[in-house]
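J.: One structure coming up, written as structure tokens, with questions to follow.
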Amino acid sequence: MNLDLLAIAAHPDDVELTCGGTMLKMAQRGYKTGILDLTAGEMGTRGTPETRAKEAAKAAKLLSVKWRGTLGVPDSDVQPTQQHKLRLAAVIRQLRPKTVILPYWEARHPDHYHASTLGYEACFLAGLKQLPIEGEAYRPFKILYSISFSDVRPTFIVDITAQFKQRHKAILAFRSQFLPPKTEKKSKVRQAIDRLEADMNQLARHYGQLIGVEYGEPFLQKELMKVEDVVKMEVRSV
């Protein structure tokens, strides 16, 4: 398929919440984008795998994604095992993305930080010619980390002001998660998702303000950034 950009995350709706605006913005610029959900979200308190799959398809359409798939890793047990790494490496070879977005390697949810390790190692292994999987050896050129959930300083922030409303629609496409029936009984267990969409909107405003726009999504890269023209650099200093 030769994707330009592939976002890999643990659960359906993770990409929409953390980098959905960026995915849409890149699609609007003509890039071929894709989303790979490692799990079907079957351990979620709300919804079923079947429901969430339909919601994910709707969200992908709203973000103009060219390809979306599920790797089939067990929810709540995302681990960088050899089996999962080989399966993911095969998908990397199939899709051949130039840039990959992964979750940050530190997180509250174990699935998220394990997804980061699994994603990175699979990207590396996909480039080994002797790896016993199908497809021609291939490695992405760039790996970025979405850090919306993390208290770390970003390498850069993407202005998603023009994409924010559509990102909002893509998030709310997961009705089972964010628009539950009013008749739903209150659980004794605190539901973090009850505040999640509002919190992510607040974070988007915060990161947008840091670069002088209304809404933004933050990213981290391990490498230094190369700048050709220091006179045309954006974001005012004083």
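Ligands are numbered from 1 in the order shown, residues from 1 within each chain, and chains are lettered A, B, ... in the order they appear in the structure tokens.
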Just the residues within 7 Å of range 1-11 of chain A, please, counting only C-alpha atoms, with nothing from its chain fewer than 3 positions along; format it as a PyMOL selection string.

T.: chain A and resi 14-15+31-41+94-103+111-112+115

J.: Output C-alpha atoms for every residue in that selection, as an mmCIF file, in the first residue's frame.

T.:
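Dumped to result07.cif:
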data_model
loop_
_atom_site.group_PDB
_atom_site.id
_atom_site.type_symbol
_atom_site.label_atom_id
_atom_site.label_comp_id
_atom_site.auth_asym_id
_atom_site.auth_seq_id
_atom_site.Cartn_x
_atom_site.Cartn_y
_atom_site.Cartn_z
ATOM 1 C CA ASP A 14 -6.692 6.093 21.059
ATOM 2 C CA VAL A 15 -5.553 7.588 17.755
ATOM 3 C CA TYR A 31 -0.883 11.888 2.083
ATOM 4 C CA LYS A 32 -2.097 8.311 2.368
ATOM 5 C CA THR A 33 -2.775 7.639 6.041
ATOM 6 C CA GLY A 34 -3.627 4.558 8.066
ATOM 7 C CA ILE A 35 -4.529 3.449 11.590
ATOM 8 C CA LEU A 36 -3.663 0.129 13.195
ATOM 9 C CA ASP A 37 -5.475 -0.716 16.434
ATOM 10 C CA LEU A 38 -3.527 -3.423 18.236
ATOM 11 C CA THR A 39 -6.637 -4.665 20.089
ATOM 12 C CA ALA A 40 -10.380 -4.639 19.491
ATOM 13 C CA GLY A 41 -10.970 -2.941 22.853
ATOM 14 C CA GLN A 94 2.729 -4.782 3.853
ATOM 15 C CA LEU A 95 1.857 -1.110 4.409
ATOM 16 C CA ARG A 96 5.408 0.307 4.078
ATOM 17 C CA PRO A 97 4.679 3.567 5.945
ATOM 18 C CA LYS A 98 7.237 6.344 5.675
ATOM 19 C CA THR A 99 6.312 7.760 9.090
ATOM 20 C CA VAL A 100 4.871 5.908 12.079
ATOM 21 C CA ILE A 101 3.193 7.474 15.119
ATOM 22 C CA LEU A 102 3.412 5.469 18.356
ATOM 23 C CA PRO A 103 2.185 6.093 21.907
ATOM 24 C CA ASP A 111 -1.311 -1.388 27.166
ATOM 25 C CA HIS A 112 -0.154 2.053 26.034
ATOM 26 C CA ALA A 115 2.229 -0.687 22.580
#

J.: Can you check which residues of range 58-177 of chain A DSSP gives as helix (DSSP H, G or I) on the backbone and send them as JSON, numbers by chain?

T.: {"A": [58, 59, 60, 61, 62, 82, 83, 84, 85, 86, 87, 88, 89, 90, 91, 92, 93, 94, 95, 110, 111, 112, 113, 114, 115, 116, 117, 118, 119, 120, 121, 122, 123, 124, 125, 161, 162, 163, 164, 165, 166, 167, 168, 169, 170, 171, 172, 175, 176, 177]}

J.: Using the selection just defined, write its residues with C-alpha atoms as a compact mmCIF listing (two decimals), in the first residue's frame.

T.:
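Output below, filename again.txt:
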# COMPACT_ATOMS: atom_id res chain seq x y z
CA LYS A 58 -16.94 5.58 10.98
CA ALA A 59 -14.17 7.52 12.72
CA ALA A 60 -11.67 6.50 10.06
CA LYS A 61 -13.96 7.85 7.37
CA LEU A 62 -14.31 11.14 9.23
CA GLN A 82 7.97 -12.30 19.70
CA GLN A 83 4.68 -13.50 18.28
CA HIS A 84 3.12 -10.03 18.32
CA LYS A 85 6.30 -8.39 17.03
CA LEU A 86 6.46 -10.71 14.04
CA ARG A 87 2.79 -10.15 13.20
CA LEU A 88 3.20 -6.39 13.45
CA ALA A 89 6.44 -6.46 11.45
CA ALA A 90 4.56 -8.27 8.67
CA VAL A 91 1.96 -5.48 8.63
CA ILE A 92 4.73 -2.87 8.48
CA ARG A 93 6.16 -4.66 5.46
CA GLN A 94 2.73 -4.78 3.85
CA LEU A 95 1.86 -1.11 4.41
CA PRO A 110 0.10 -0.70 30.64
CA ASP A 111 -1.31 -1.39 27.17
CA HIS A 112 -0.15 2.05 26.03
CA TYR A 113 3.47 1.81 27.08
CA HIS A 114 3.71 -1.79 25.93
CA ALA A 115 2.23 -0.69 22.58
CA SER A 116 5.07 1.81 22.27
CA THR A 117 7.72 -0.88 22.78
CA LEU A 118 5.91 -3.36 20.55
CA GLY A 119 5.58 -0.79 17.79
CA TYR A 120 9.20 0.32 17.88
CA GLU A 121 10.64 -3.19 17.94
CA ALA A 122 8.34 -4.35 15.13
CA CYS A 123 9.44 -1.40 12.99
CA PHE A 124 13.05 -2.40 13.57
CA LEU A 125 12.51 -6.12 12.97
CA THR A 161 -7.19 24.41 14.58
CA ALA A 162 -8.77 23.83 11.17
CA GLN A 163 -9.20 20.12 11.90
CA PHE A 164 -10.46 20.37 15.47
CA LYS A 165 -14.20 20.20 14.77
CA GLN A 166 -13.80 17.15 12.55
CA ARG A 167 -11.55 15.50 15.15
CA HIS A 168 -14.33 16.11 17.67
CA LYS A 169 -16.79 14.30 15.39
CA ALA A 170 -14.36 11.40 14.96
CA ILE A 171 -13.98 11.02 18.73
CA LEU A 172 -17.74 11.10 19.27
CA ARG A 175 -20.70 6.63 20.96
CA SER A 176 -20.42 3.56 23.17
CA GLN A 177 -17.48 5.18 24.93

J.: Using backbone DSSP assignments, extract all strand (DSSP E or B) residues from range 16-232 of chain A; output them as a ChimeraX atom specification.

T.: /A:33-37,67-70,99-103,142-146,156-159,216-220

J.: For range 11-125 of chain A versus range 198-219 of chain A, which residues have an atom no more than 10 Å away, and what is each residue's nearest atom pair and distance in Å rounded to one decimal, using only C-alpha atoms, chain-then-number order, as a tab-separated table?

T.:
residue	atom	partner	partner_atom	distance
A:Leu17	CA	A:Met200	CA	6.6
A:Thr18	CA	A:Glu217	CA	7.2
A:Cys19	CA	A:Glu217	CA	6.3
A:Gly20	CA	A:Glu217	CA	8.7
A:Gly21	CA	A:Glu217	CA	7.4
A:Thr22	CA	A:Glu217	CA	7.1
A:Ile101	CA	A:Phe219	CA	8.8
A:Leu102	CA	A:Phe219	CA	9.7
A:Pro103	CA	A:Phe219	CA	9.6
A:Tyr104	CA	A:Phe219	CA	8.9

J.: Could you please determine the separation between CA of Leu224 in chain A and CA of Ile143 in chain A in Å, to one decimal place?

T.: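 Going from CA of Leu224 in chain A over to CA of Ile143 in chain A covers 12.4 Å.
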
J.: For Glu223 in chain A, which residue out of A:Leu131, A:Val238, A:Leu144, A:Val158 is the nearest one, using only C-alpha atoms?

T.: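 Counting only C-alpha atoms, the residue closest to Glu223 in chain A is A:Leu144.
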
J.: Figure out the distance between CA of Asp159 in chain A and CA of Lys226 in chain A, please, to one decimal in Å.

T.: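 Value for the CA of Lys226 in chain A-CA of Asp159 in chain A distance: 19.4 Å.
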